[in-house]
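Student: The structure follows.
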2 protein chains.
Amino acid sequence: MAAEKPVDGRSVRGGVGVPKKVEDKDMSNRNMMNYCPDIKVFDATMRDGGLVNNFGFTDEFVRDLYNANVAAGVDYMEFGYRASKNMFKVSEFGKWKFTDEEDIRAIVGENNTPLKIAVMADAGRCDYKTDILPKKDSVVDVIRVACYIHQIPLAIDMIEDAKAKGYEVTCNLMAVSKVPGEDLDKGIRMIGASPADVLYLVDSFGNFYPEQIAYMSKKYVEAMQGKQAGFHGHNNQQLAFANTIEACRQGVNYLDMTVNGMGRGAGNCFSEQLLNFLKNPKYNALPILDFVQKHMLKLKADGWKWGYDLPYLLTGVMNCHPRSAIKFVGENRTDYVNFAHELTEMD
Amino acid sequence: MAAEKPVDGRSVRGGVGVPKKVEDKDMSNRNMMNYCPDIKVFDATMRDGGLVNNFGFTDEFVRDLYNANVAAGVDYMEFGYRASKNMFKVSEFGKWKFTDEEDIRAIVGENNTPLKIAVMADAGRCDYKTDILPKKDSVVDVIRVACYIHQIPLAIDMIEDAKAKGYEVTCNLMAVSKVPGEDLDKGIRMIGASPADVLYLVDSFGNFYPEQIAYMSKKYVEAMQGKQAGFHGHNNQQLAFANTIEACRQGVNYLDMTVNGMGRGAGNCFSEQLLNFLKNPKYNALPILDFVQKHMLKLKADGWKWGYDLPYLLTGVMNCHPRSAIKFVGENRTDYVNFAHELTEMD
C-alpha cells in the first residue's frame with residue numbers, strides 16, 4: 001500500500017516526500033501542505049441520497065453527476081443498491097434501488113474513465129448469488145457489502161461470492177456506535193481475515209466525535225492488516241467532515257462523501273468540502289460546484305429534505321436511529337423540547 | 001486554575017478524578033465520560049449575531065435569551081459591542097451595538113445570577129477611557145477587547161484600563177489565519193505578559209482545520225502561562241463545533257458559542273451542540289432548544305440569513321473575509337463557479 005511518490009497530505013501519516021515514512025506512526029510528521037495518493041474519494045450521493053428521494057433521480061441528474069465526478073477526479077461512484085426484486089416491489093422505488101446492469105450502462109456505456117463504479121448489496125435484502133454477475137459481464141467495479149454486527153457471517157459469504165466473481169469488495173459495517181467494544185473487536189477481526197479489500201467505519205447515527213473516530217479508526221486500520229479502511233459519516237452533529245478528516249489522519253484511506261451532503265436525515269460529508277480539503281492535484285471541486293447549482297438546489301426546491309437540523313443533533317447525541325427525527329422534520333414540527341423528551345422515553 | 005475536583009471531560013488534559021493529572025500532557029489520559037469544571041461556555045449570540053441583524057433584537061428576545069442562558073447554566077453572556085457614539089450614528093444601529101449600562105440593566109436588573117455579563121470593546125472603534133465605567137458602577141463583569149495583530153499595543157492599553165477599573169478582561173485577537181507565524185508568536189507573548197485574563201484564538205474567516213487548531217491552541221495556552229485561553233470559531237467549513245472541541249482538548253477553556261450558530265456569514269459554534277457535548281451536570285441544553293423554537297425560527301422566517309452555505313465554504317477555504325460571500329448570498333446568486341473564480345481574482 002505504500003506510495004511510490006511523495007506522500008501524504010494533511011491526511012495520513014508520512015513525511016515530506018519521503019516514501020519510507022508512510023508507515024511512520026508519529027502524526028506530528030504529517031505535512032499539511034502535501035497530499036497522499038493512497039486516499040480515495042467515494043461519491044455515495046445516489047445511494048445515501050437515494051434514501052431521501054426514494055431513488056427517484058432523473059437520467060439527466062445521474063448523467064451530469066457521473067460527468068461531474070469524472071471531471072472532478074473522483075475515484076469511485078456508487079449508483080445505488082442492488083436490492084432484491086423478490087423482497088422489494090420495483091414499482092415502489094426509483095430504479096437506483098436496484099441498479100440493473102442496463103440502467104447503469106445507459107449512463108456510462110463501457111465507462112472508459114478512471115472512475116470506478118460501485119453498487120451496495122445489503123445483507124439480507126439482496127439476492128447476491130444471482131443478481132451479482134461475474135465481473136466480466138458487468139460494468140460495475142466494486143461491490144459494497146453492508147451489514148450489521150450480527151450479520152457478519154452472511155456478509156463474509158457475500159464478500160467471498162463477490163471476490164470470486166472478480167470484484168473489488170468493501171464491507172460497510174453499520175451502526176457500530178451501538179455495538180459493545182468486545183463484540184466489535186471480534187467482528188472486525190473476522191472481516192479483516194476475509195477477502196474484503198476495504199472495511200468501512202460507518203457512523204450510521206452521526207453519534208461519534210473526532211476523538212472517538214480516532215480511536216475507532218486505529219482499530220479498523222489494524223484489523224485490516226495492511227488492507228484498507230474507509231469512513232462513512234453522518235452530519236447529525238455537523239461532524240461528518242471533521243470526522244472524515246480525523247479518520248484520514250489515522251490512516252483511513254477510503255472516504256465517502258455526497259454532493260451537498262445529500263443523504264438520509266442529516267446527510268453526509270459534503271463532496272465540496274472534502275475535495276477542497278484534499279490537495280491531490282487530480283481533484284477539482286469546480287465541476288461539483290456547477291452540479292450543485294444545476295441539480296441540488298432544484299431537489300431542495302422540490303421539497304426533498306436533508307441536512308443538519310436540531311432533531312438530528314438530538315438523535316445523534318443520543319445515539320438513536322434518525323427515523324424519529326426524519327418524521328419530526330417531515331411533519332414540520334418545531335417543538336424541540338418535547339422531541340428531546342420523546343427520545344429519552346424511547347430508549 | 002487547577003481544579004480541586006475530579007476533573008476533565010473529553011475536553012482537557014487530566015486523569016479520571018485525579019486532580020493532580022490536570023497538567024498531564026498525555027492526551028490519551030483523558031476520560032470522555034467525565035467533565036472539567038475549568039471549562040466555561042460563552043454565549044456570543046447578541047454580539048456576533050448582532051452583525052447579522054444590525055443589533056436589532058427585541059427586548060423580549062434579549063430577556064428570554066438571558067433567562068435561557070441562566071437556566072442552561074451558561075457561564076458568560078455577551079450583550080453586544082460598546083461602540084463609540086462619536087464614530088457610529090446611534091440612529092443607524094440597534095442599541096446592542098452600544099450596550100448602554102441602562103439598557104443592560106433593563107434586562108438583567110442587578111443580575112443576581114451566576115451568569116457573568118460581557119461586552120466587546122473593539123480597538124479603534126470605542127471610547128474605552130470614558131465609556132467603560134469603573135466596575136463598581138457597572139453590571140458588566142467582563143470586557144472583551146477585540147483587535148487585529150497591528151493593534152496589540154492599543155489593545156494592551158485597553159486591557160490595562162479595564163483591569164484597573166476592576167473587570168475580568170479577555171483579548172480577542174482576530175483574523176490570525178492571515179498573520180505570519182513569527183509575528184503571531186510575538187503578539188501573543190505580548191498579550192500573555194499583559195494583565196489580560198484570557199486570550200482568545202479567533203478563527204474569523206473559518207479557515208482553520210482541527211489539526212491547525214490543535215497547533216494554534218497549544219501556542220495560545222503556552223503564551224498565557226497559566227492564565228486562560230479561549231476559542232471563537234466560524235462555521236464556514238462546518239468545523240466551528242469540531243474546532244471548538246479540538247481547542248478544548250488542548251486545554252483551551254473559554255468556549256464561544258451562539259444560539260443556532262447565529263453569527264456573521266456562516267455563523268459560529270451552536271450552543272445546542274456544545275451544551276450537549278459538555279458533560280458538566282450544571283449545563284442543560286433544553287432551555288436553549290426552547291429558545292430556538294420561540295425566537296430563532298422567527299428570525300430566519302423574517303429573512304435574516306446566517307449559517308453554512310457554499311460561498312462561505314469557499315471564502316473559508318481561501319482564507320478570505322466573508323464579506324463577498326455575504327453579498328453573494330444576499331443577492332440570491334447561485335453561480336458558485338463564477339464566485340470561486342472571483343475569489344481567486346481578488347487575492
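FYI, nothing fancy with the C-alpha cells labels: chains A, B, ... in order, residues from 1 per chain, ligands from 1 as they appear.
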Using DSSP secondary structure from the backbone, list all alpha helix (DSSP H) positions within stretch 87-232 of chain B, as a ChimeraX atom specification.

Tutor: /B:101-108,128-131,152-164,181-193,210-223

Student: At a cut-off of 9 Å, using only C-alpha atoms, what residues contact stretch 299-313 of chain A? Leave out same-chain residues fewer than 5 positions from it and give the result as a PyMOL selection string.

Tutor: (chain A and resi 49+52-53+205-207+235-238+260-268+318+322+324-326+328-330+334+336+339-340) or (chain B and resi 260+272-273+276+289)

Student: Output the selection as a compact mmCIF listing (two decimals), in the first residue's frame - N, CA, C and O atoms for each residue.

Tutor:
```txt
# COMPACT_ATOMS: atom_id res chain seq x y z
N GLY A 49 -28.15 9.43 -0.76
CA GLY A 49 -29.14 10.43 -1.17
C GLY A 49 -30.40 9.79 -1.71
O GLY A 49 -31.50 10.35 -1.59
N VAL A 52 -33.23 9.58 0.51
CA VAL A 52 -34.01 10.81 0.72
C VAL A 52 -35.18 10.88 -0.27
O VAL A 52 -36.30 11.17 0.11
N ASN A 53 -34.88 10.62 -1.55
CA ASN A 53 -35.92 10.82 -2.59
C ASN A 53 -36.38 9.50 -3.21
O ASN A 53 -36.85 9.49 -4.34
N PHE A 205 -25.46 6.72 12.90
CA PHE A 205 -26.34 7.59 13.67
C PHE A 205 -25.73 8.98 13.87
O PHE A 205 -26.31 9.82 14.56
N GLY A 206 -24.56 9.22 13.28
CA GLY A 206 -23.92 10.52 13.49
C GLY A 206 -23.63 10.77 14.95
O GLY A 206 -23.78 11.87 15.47
N ASN A 207 -23.20 9.72 15.62
CA ASN A 207 -23.02 9.78 17.07
C ASN A 207 -21.59 10.09 17.50
O ASN A 207 -21.35 10.60 18.59
N ASN A 235 -24.02 13.64 9.36
CA ASN A 235 -23.78 15.02 9.78
C ASN A 235 -24.69 15.49 10.92
O ASN A 235 -24.92 16.68 11.06
N ASN A 236 -25.16 14.56 11.73
CA ASN A 236 -26.09 14.93 12.81
C ASN A 236 -25.53 16.02 13.71
O ASN A 236 -26.27 16.87 14.18
N GLN A 237 -24.23 15.97 13.98
CA GLN A 237 -23.62 16.95 14.87
C GLN A 237 -22.72 17.90 14.09
O GLN A 237 -21.82 18.51 14.67
N GLN A 238 -22.98 18.01 12.79
CA GLN A 238 -22.10 18.79 11.91
C GLN A 238 -20.65 18.33 12.07
O GLN A 238 -19.73 19.14 12.09
N ASN A 260 -23.39 18.08 -1.85
CA ASN A 260 -24.24 18.88 -0.97
C ASN A 260 -24.62 18.11 0.30
O ASN A 260 -25.58 18.45 0.98
N GLY A 261 -23.86 17.07 0.60
CA GLY A 261 -24.14 16.28 1.80
C GLY A 261 -25.41 15.46 1.71
O GLY A 261 -25.90 14.96 2.73
N MET A 262 -25.96 15.28 0.50
CA MET A 262 -27.26 14.62 0.38
C MET A 262 -27.20 13.17 0.88
O MET A 262 -26.47 12.33 0.35
N GLY A 263 -28.01 12.89 1.90
CA GLY A 263 -28.07 11.55 2.46
C GLY A 263 -29.14 11.51 3.52
O GLY A 263 -29.70 12.55 3.89
N ARG A 264 -29.43 10.34 3.99
CA ARG A 264 -30.53 10.17 4.93
C ARG A 264 -30.41 11.09 6.14
O ARG A 264 -29.34 11.22 6.73
N GLY A 265 -31.50 11.71 6.52
CA GLY A 265 -31.52 12.54 7.73
C GLY A 265 -30.59 13.74 7.59
O GLY A 265 -30.76 14.59 6.72
N ALA A 266 -29.61 13.80 8.47
CA ALA A 266 -28.68 14.94 8.47
C ALA A 266 -27.70 14.89 7.31
O ALA A 266 -26.96 15.85 7.09
N GLY A 267 -27.72 13.81 6.55
CA GLY A 267 -26.83 13.72 5.40
C GLY A 267 -25.40 13.38 5.79
O GLY A 267 -25.12 12.93 6.91
N ASN A 268 -24.50 13.59 4.84
CA ASN A 268 -23.13 13.07 4.92
C ASN A 268 -22.09 14.18 4.82
O ASN A 268 -22.42 15.35 4.82
N MET A 318 -27.85 11.27 21.20
CA MET A 318 -28.42 10.18 21.98
C MET A 318 -28.23 8.81 21.33
O MET A 318 -28.72 7.80 21.84
N PRO A 322 -32.00 7.73 13.07
CA PRO A 322 -32.60 9.04 12.76
C PRO A 322 -34.07 9.00 12.38
O PRO A 322 -34.67 10.05 12.14
N SER A 324 -36.91 8.83 13.83
CA SER A 324 -37.86 9.69 14.55
C SER A 324 -37.62 11.16 14.20
O SER A 324 -38.57 11.95 14.11
N ALA A 325 -36.36 11.52 13.96
CA ALA A 325 -36.06 12.90 13.58
C ALA A 325 -36.54 13.19 12.15
O ALA A 325 -37.03 14.28 11.85
N ILE A 326 -36.41 12.19 11.27
CA ILE A 326 -36.89 12.36 9.90
C ILE A 326 -38.40 12.60 9.91
O ILE A 326 -38.92 13.49 9.22
N PHE A 328 -40.17 13.81 12.47
CA PHE A 328 -40.37 15.12 13.11
C PHE A 328 -40.20 16.25 12.08
O PHE A 328 -41.03 17.15 11.97
N VAL A 329 -39.13 16.17 11.32
CA VAL A 329 -38.85 17.20 10.31
C VAL A 329 -39.91 17.13 9.20
O VAL A 329 -40.40 18.17 8.74
N GLY A 330 -40.26 15.92 8.82
CA GLY A 330 -41.26 15.74 7.76
C GLY A 330 -42.61 16.31 8.13
O GLY A 330 -43.37 16.78 7.28
N THR A 334 -41.76 21.74 15.37
CA THR A 334 -40.62 22.52 15.88
C THR A 334 -40.56 22.48 17.41
O THR A 334 -39.81 23.24 18.01
N TYR A 336 -38.98 21.25 19.90
CA TYR A 336 -37.74 20.51 20.12
C TYR A 336 -37.66 19.89 21.51
O TYR A 336 -37.13 18.79 21.68
N PHE A 339 -39.62 16.81 21.69
CA PHE A 339 -38.92 15.76 20.94
C PHE A 339 -37.78 15.17 21.78
O PHE A 339 -37.60 13.95 21.81
N ALA A 340 -37.05 16.04 22.46
CA ALA A 340 -35.96 15.55 23.31
C ALA A 340 -36.51 14.60 24.38
O ALA A 340 -35.91 13.55 24.66
N ASN B 260 -28.24 28.58 17.84
CA ASN B 260 -28.47 28.25 16.44
C ASN B 260 -27.30 28.67 15.55
O ASN B 260 -27.44 28.82 14.35
N GLU B 272 -26.45 24.74 21.14
CA GLU B 272 -27.13 23.44 21.28
C GLU B 272 -26.13 22.29 21.22
O GLU B 272 -26.28 21.28 21.90
N GLN B 273 -25.13 22.44 20.34
CA GLN B 273 -24.14 21.38 20.17
C GLN B 273 -23.20 21.31 21.36
O GLN B 273 -22.95 20.26 21.92
N ASN B 276 -24.72 20.10 24.61
CA ASN B 276 -24.97 18.67 24.58
C ASN B 276 -23.70 17.85 24.69
O ASN B 276 -23.73 16.70 25.12
N LEU B 289 -33.00 24.88 23.53
CA LEU B 289 -33.87 24.31 22.48
C LEU B 289 -35.20 25.08 22.44
O LEU B 289 -35.73 25.40 21.38
```

Student: Pick out the residues sitting within 8 Å of stretch 81-88 of chain A, and hand them over as an MDAnalysis selection string; count only C-alpha atoms, and ignore anything fewer than 3 positions along from it in its own chain.

Tutor: chainID A and resid 47 92 96:100 119:122 125:127 131

Student: Please write the residues from the selection above to a file, keeping all heavy atoms, as a compact mmCIF listing (two decimals), in the first residue's frame.

Tutor:
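Output contents, as saved in part39.txt:
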```txt
# COMPACT_ATOMS: atom_id res chain seq x y z
N ARG A 47 -26.71 6.63 -3.58
CA ARG A 47 -27.09 5.57 -2.65
C ARG A 47 -27.65 6.16 -1.36
O ARG A 47 -28.81 5.92 -1.02
CB ARG A 47 -25.88 4.65 -2.39
CG ARG A 47 -26.26 3.23 -2.02
CD ARG A 47 -26.34 3.01 -0.55
NE ARG A 47 -25.18 3.57 0.11
CZ ARG A 47 -25.17 3.98 1.36
NH1 ARG A 47 -26.24 3.88 2.09
NH2 ARG A 47 -24.09 4.51 1.89
N GLU A 92 -42.41 0.48 -6.53
CA GLU A 92 -42.46 1.39 -5.39
C GLU A 92 -41.21 2.23 -5.19
O GLU A 92 -41.13 3.05 -4.27
CB GLU A 92 -42.75 0.59 -4.10
CG GLU A 92 -44.17 0.05 -4.07
CD GLU A 92 -44.46 -0.80 -2.83
OE1 GLU A 92 -43.56 -0.96 -1.99
OE2 GLU A 92 -45.58 -1.31 -2.74
N TRP A 96 -32.77 3.19 -9.10
CA TRP A 96 -31.43 3.08 -8.49
C TRP A 96 -31.43 2.33 -7.17
O TRP A 96 -30.38 2.13 -6.56
CB TRP A 96 -30.79 4.47 -8.39
CG TRP A 96 -30.79 5.10 -9.74
CD1 TRP A 96 -31.57 6.12 -10.18
CD2 TRP A 96 -29.99 4.70 -10.87
NE1 TRP A 96 -31.33 6.39 -11.50
CE2 TRP A 96 -30.36 5.53 -11.95
CE3 TRP A 96 -29.01 3.71 -11.07
CZ2 TRP A 96 -29.78 5.41 -13.22
CZ3 TRP A 96 -28.43 3.59 -12.32
CH2 TRP A 96 -28.81 4.44 -13.38
N LYS A 97 -32.62 1.90 -6.76
CA LYS A 97 -32.69 0.95 -5.64
C LYS A 97 -32.19 -0.42 -6.12
O LYS A 97 -31.77 -1.25 -5.31
CB LYS A 97 -34.15 0.83 -5.18
CG LYS A 97 -34.45 -0.29 -4.19
CD LYS A 97 -34.56 0.20 -2.78
CE LYS A 97 -35.02 -0.88 -1.81
NZ LYS A 97 -34.89 -0.44 -0.42
N PHE A 98 -32.26 -0.64 -7.43
CA PHE A 98 -31.94 -1.97 -7.97
C PHE A 98 -30.70 -1.98 -8.87
O PHE A 98 -30.09 -3.02 -9.08
CB PHE A 98 -33.16 -2.51 -8.72
CG PHE A 98 -34.41 -2.49 -7.88
CD1 PHE A 98 -35.34 -1.45 -7.97
CD2 PHE A 98 -34.63 -3.48 -6.93
CE1 PHE A 98 -36.47 -1.42 -7.18
CE2 PHE A 98 -35.77 -3.46 -6.12
CZ PHE A 98 -36.69 -2.42 -6.24
N THR A 99 -30.35 -0.81 -9.40
CA THR A 99 -29.15 -0.65 -10.24
C THR A 99 -28.98 -1.80 -11.24
O THR A 99 -27.93 -2.48 -11.26
CB THR A 99 -27.87 -0.53 -9.38
OG1 THR A 99 -27.72 -1.70 -8.56
CG2 THR A 99 -27.87 0.73 -8.54
N ASP A 100 -29.98 -2.00 -12.08
CA ASP A 100 -29.84 -3.01 -13.13
C ASP A 100 -28.65 -2.66 -14.02
O ASP A 100 -28.39 -1.49 -14.30
CB ASP A 100 -31.11 -3.04 -14.01
CG ASP A 100 -32.27 -3.71 -13.28
OD1 ASP A 100 -32.03 -4.35 -12.22
OD2 ASP A 100 -33.41 -3.59 -13.76
N VAL A 119 -21.84 -0.57 -6.49
CA VAL A 119 -23.22 -0.71 -6.02
C VAL A 119 -23.16 -1.31 -4.62
O VAL A 119 -22.19 -1.98 -4.26
CB VAL A 119 -24.10 -1.61 -6.93
CG1 VAL A 119 -24.22 -1.02 -8.33
CG2 VAL A 119 -23.58 -3.04 -6.97
N MET A 120 -24.21 -1.04 -3.84
CA MET A 120 -24.25 -1.60 -2.49
C MET A 120 -25.20 -2.79 -2.44
O MET A 120 -26.32 -2.73 -2.95
CB MET A 120 -24.70 -0.54 -1.48
CG MET A 120 -24.72 -1.06 -0.05
SD MET A 120 -24.81 0.26 1.20
CE MET A 120 -23.07 0.71 1.38
N ALA A 121 -24.70 -3.85 -1.82
CA ALA A 121 -25.52 -5.05 -1.59
C ALA A 121 -25.74 -5.15 -0.08
O ALA A 121 -24.79 -5.28 0.69
CB ALA A 121 -24.81 -6.28 -2.12
N ASP A 122 -26.99 -5.09 0.32
CA ASP A 122 -27.37 -5.03 1.73
C ASP A 122 -27.63 -6.45 2.23
O ASP A 122 -28.50 -7.14 1.70
CB ASP A 122 -28.67 -4.22 1.81
CG ASP A 122 -28.66 -3.22 2.93
OD1 ASP A 122 -27.76 -3.26 3.77
OD2 ASP A 122 -29.58 -2.38 2.94
N ARG A 125 -31.06 -8.32 2.19
CA ARG A 125 -32.02 -7.59 1.36
C ARG A 125 -31.66 -7.68 -0.12
O ARG A 125 -32.05 -6.83 -0.92
CB ARG A 125 -32.10 -6.12 1.77
CG ARG A 125 -32.63 -5.93 3.17
CD ARG A 125 -32.66 -4.45 3.55
NE ARG A 125 -32.65 -4.28 4.99
CZ ARG A 125 -32.29 -3.15 5.62
NH1 ARG A 125 -31.91 -2.10 4.93
NH2 ARG A 125 -32.30 -3.08 6.93
N CYS A 126 -30.83 -8.66 -0.47
CA CYS A 126 -30.45 -8.80 -1.87
C CYS A 126 -30.31 -10.29 -2.22
O CYS A 126 -30.21 -11.13 -1.33
CB CYS A 126 -29.14 -8.07 -2.15
SG CYS A 126 -27.73 -8.79 -1.32
N ASP A 127 -30.35 -10.57 -3.52
CA ASP A 127 -30.13 -11.94 -4.00
C ASP A 127 -28.76 -11.97 -4.66
O ASP A 127 -28.64 -12.01 -5.89
CB ASP A 127 -31.24 -12.31 -4.99
CG ASP A 127 -32.62 -12.14 -4.38
OD1 ASP A 127 -32.83 -12.62 -3.25
OD2 ASP A 127 -33.48 -11.49 -5.02
N ASP A 131 -28.01 -12.01 -8.56
CA ASP A 131 -28.09 -10.65 -9.09
C ASP A 131 -26.72 -9.99 -9.30
O ASP A 131 -26.63 -8.97 -9.98
CB ASP A 131 -28.94 -9.76 -8.17
CG ASP A 131 -30.43 -10.10 -8.27
OD1 ASP A 131 -30.78 -10.92 -9.15
OD2 ASP A 131 -31.22 -9.55 -7.48
```

Student: Which residues are close to A:Lys219, i.e. within 10 Å by only C-alpha atoms, leaving aside same-chain residues fewer than 6 positions away? Reply as a list in words.

Tutor: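 Residues near the query, excluding close chain neighbours: Leu184, Asp185, Ile188, Arg189, Leu201, Ile213, Ala229 and Gln250 of chain A.
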
Student: Just how far from atom CA of B:Val142 is atom CA of B:Ile107, in Å to one decimal?

Tutor: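 So the two atoms, atom CA of B:Ile107 and atom CA of B:Val142, lie 17.0 Å apart.
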